[in-house]
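First the structure, in the form of structure tokens, and then the observations on it.
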Amino acid sequence: RLFDLTGGWGGRTPGGHPCFVVTHSAPEDWKDRETEVPFTFVTEGGVARALELAKAAADGRNVSVNGGTIARQALELGFLDEVWVDLAPVFLNEGVPLLSGLTGNNTPVALEGPISVLQGNGVTHLRYRVAR
């Protein structure tokens, strides 16, 4: 959903790093360009497979997860060490709640911190550690 909402970030991945898009099928208009852009469309194995591919590509560096539904699944899989929230003073009146539908043996999820709070122009960046 995030890939679609951003229009694939105009063909450039966030942060310039490889990006693994979990989807039921690769978008038709991107299939011919897959060799030109750093996106890998993960159509089988879901979030677990995308995380496996991302970890391999990261070669020991950090992996970021974007989008509430994907983040929820990564959290349920025990993959997330931290949760970063960007809080903006806007009520959207619609959309998907962050981490909506969190289930499993690890709920509720306790967060430690905040590790950091950064006040920006019209946004507050919050960073928490996932308690184990």
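Ordering of the structure tokens sets the chain letters (A, B, ...); residue numbers start at 1 within each chain; ligands are numbered from 1 in the order shown.
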Contacts of Ala88 in chain A at 9 Å (only C-alpha atoms; same-chain gap of 3+ positions) as a PyMOL selection string: chain A and resi 91+122-125
Neighbour list for Leu118 in chain A as number ranges by chain, cut-off 12 Å, only C-alpha atoms, skip fewer than 2 positions in-chain: A: 84-87, 114-116, 120-127
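Residues surrounding Phe20 in chain A within 9 Å are Pro38, Phe39, Thr40, Phe41, Val42, Ala50, Leu51, Leu53 and Ala54 of chain A [only C-alpha atoms; sequence separation below 5 positions excluded].
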Per-residue DSSP, chain A, filtered to strand (DSSP E or B), as a PyMOL selection string: chain A and resi 19-22+39-42+82-87+111-119+124-130
DSSP alpha helix (DSSP H) residues within chain A, listed as a ChimeraX atom specification: /A:2-6,28-31,46-58,68-76
Please produce a file of the residues just selected, as a short mmCIF file (atom, residue, chain, number, x, y, z; two decimals), in the first residue's frame, where the atoms kept are N, CA, C and O atoms.
data_model
loop_
_atom_site.label_atom_id
_atom_site.label_comp_id
_atom_site.auth_asym_id
_atom_site.auth_seq_id
_atom_site.Cartn_x
_atom_site.Cartn_y
_atom_site.Cartn_z
N LEU A 2 1.94 1.28 0.80
CA LEU A 2 2.80 2.46 0.86
C LEU A 2 3.49 2.71 -0.48
O LEU A 2 3.60 3.85 -0.92
N PHE A 3 3.93 1.64 -1.13
CA PHE A 3 4.57 1.77 -2.44
C PHE A 3 3.60 2.44 -3.42
O PHE A 3 3.98 3.34 -4.15
N ASP A 4 2.36 2.00 -3.41
CA ASP A 4 1.34 2.57 -4.30
C ASP A 4 1.05 4.03 -3.95
O ASP A 4 0.94 4.87 -4.84
N LEU A 5 0.91 4.31 -2.66
CA LEU A 5 0.60 5.68 -2.23
C LEU A 5 1.69 6.68 -2.60
O LEU A 5 1.41 7.83 -2.88
N THR A 6 2.94 6.23 -2.60
CA THR A 6 4.06 7.12 -2.92
C THR A 6 4.43 7.11 -4.39
O THR A 6 5.32 7.83 -4.82
N GLU A 28 2.36 -4.13 -13.06
CA GLU A 28 2.63 -4.33 -14.49
C GLU A 28 3.55 -3.24 -15.05
O GLU A 28 4.46 -3.53 -15.82
N ASP A 29 3.31 -1.99 -14.67
CA ASP A 29 4.09 -0.90 -15.24
C ASP A 29 5.52 -0.83 -14.69
O ASP A 29 6.34 -0.07 -15.18
N TRP A 30 5.84 -1.66 -13.70
CA TRP A 30 7.20 -1.70 -13.15
C TRP A 30 7.97 -2.91 -13.63
O TRP A 30 9.19 -2.98 -13.49
N LYS A 31 7.29 -3.92 -14.17
CA LYS A 31 7.96 -5.16 -14.55
C LYS A 31 9.10 -4.94 -15.53
O LYS A 31 10.17 -5.53 -15.41
N GLY A 46 5.56 -13.65 1.82
CA GLY A 46 5.13 -12.53 2.64
C GLY A 46 6.25 -11.75 3.30
O GLY A 46 7.37 -11.68 2.81
N VAL A 47 5.90 -11.18 4.44
CA VAL A 47 6.82 -10.32 5.17
C VAL A 47 8.05 -11.10 5.64
O VAL A 47 9.17 -10.58 5.59
N ALA A 48 7.86 -12.33 6.07
CA ALA A 48 9.00 -13.13 6.54
C ALA A 48 10.05 -13.28 5.44
O ALA A 48 11.25 -13.12 5.68
N ARG A 49 9.62 -13.54 4.21
CA ARG A 49 10.56 -13.68 3.09
C ARG A 49 11.21 -12.35 2.76
O ARG A 49 12.41 -12.28 2.49
N ALA A 50 10.43 -11.27 2.76
CA ALA A 50 10.99 -9.95 2.47
C ALA A 50 12.05 -9.58 3.51
O ALA A 50 13.11 -9.03 3.16
N LEU A 51 11.79 -9.88 4.79
CA LEU A 51 12.77 -9.59 5.84
C LEU A 51 14.04 -10.42 5.66
O LEU A 51 15.15 -9.92 5.86
N GLU A 52 13.87 -11.66 5.26
CA GLU A 52 15.02 -12.53 5.01
C GLU A 52 15.89 -11.95 3.89
O GLU A 52 17.12 -11.87 4.01
N LEU A 53 15.27 -11.52 2.80
CA LEU A 53 15.99 -10.92 1.68
C LEU A 53 16.65 -9.60 2.08
O LEU A 53 17.80 -9.33 1.70
N ALA A 54 15.93 -8.80 2.85
CA ALA A 54 16.46 -7.50 3.27
C ALA A 54 17.67 -7.68 4.19
O ALA A 54 18.67 -6.96 4.07
N LYS A 55 17.59 -8.62 5.12
CA LYS A 55 18.71 -8.88 6.02
C LYS A 55 19.95 -9.34 5.24
O LYS A 55 21.07 -8.91 5.53
N ALA A 56 19.74 -10.18 4.25
CA ALA A 56 20.86 -10.64 3.43
C ALA A 56 21.48 -9.47 2.65
O ALA A 56 22.71 -9.34 2.58
N ALA A 57 20.64 -8.61 2.09
CA ALA A 57 21.14 -7.46 1.33
C ALA A 57 21.83 -6.45 2.24
O ALA A 57 22.78 -5.78 1.82
N ALA A 58 21.39 -6.34 3.49
CA ALA A 58 21.96 -5.37 4.42
C ALA A 58 23.35 -5.78 4.90
O ALA A 58 24.11 -4.94 5.37
N GLY A 68 2.51 0.63 8.46
CA GLY A 68 1.98 0.06 9.68
C GLY A 68 1.65 -1.42 9.61
O GLY A 68 1.93 -2.16 10.54
N THR A 69 1.07 -1.87 8.50
CA THR A 69 0.70 -3.28 8.39
C THR A 69 1.94 -4.16 8.31
O THR A 69 2.02 -5.21 8.96
N ILE A 70 2.93 -3.74 7.54
CA ILE A 70 4.18 -4.50 7.42
C ILE A 70 4.92 -4.45 8.76
O ILE A 70 5.46 -5.47 9.22
N ALA A 71 4.96 -3.29 9.41
CA ALA A 71 5.63 -3.17 10.71
C ALA A 71 4.96 -4.07 11.75
O ALA A 71 5.63 -4.70 12.56
N ARG A 72 3.64 -4.14 11.72
CA ARG A 72 2.92 -5.01 12.65
C ARG A 72 3.35 -6.46 12.46
O ARG A 72 3.64 -7.17 13.41
N GLN A 73 3.39 -6.90 11.21
CA GLN A 73 3.79 -8.27 10.94
C GLN A 73 5.24 -8.53 11.34
O GLN A 73 5.57 -9.59 11.89
N ALA A 74 6.11 -7.58 11.10
CA ALA A 74 7.52 -7.71 11.49
C ALA A 74 7.65 -7.78 13.01
O ALA A 74 8.45 -8.56 13.54
N LEU A 75 6.84 -7.01 13.70
CA LEU A 75 6.84 -7.03 15.16
C LEU A 75 6.35 -8.38 15.68
O LEU A 75 6.94 -8.97 16.58
N GLU A 76 5.28 -8.89 15.07
CA GLU A 76 4.75 -10.21 15.46
C GLU A 76 5.77 -11.33 15.21
O GLU A 76 5.80 -12.32 15.93
#
Atom pair CA of Tyr128 in chain A / CA of Leu111 in chain A: separation (Å): 5.9 Å
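You can rank A:Arg132, A:Val117, A:Asn93, A:Pro27 by their closest distance to Gly78 in chain A using only C-alpha atoms, and at the top of that list sits A:Arg132.
With distances restricted to only C-alpha atoms, A:Val130 is the closest residue to Thr107 in chain A from A:Glu82, A:Gly95, A:Asp59, A:Val130.
Minimum atom-to-atom distance to Ala26 in chain A, evaluated using only C-alpha atoms, belongs to A:Glu44 out of A:Glu44, A:Leu99, A:Arg12, A:Gly67.
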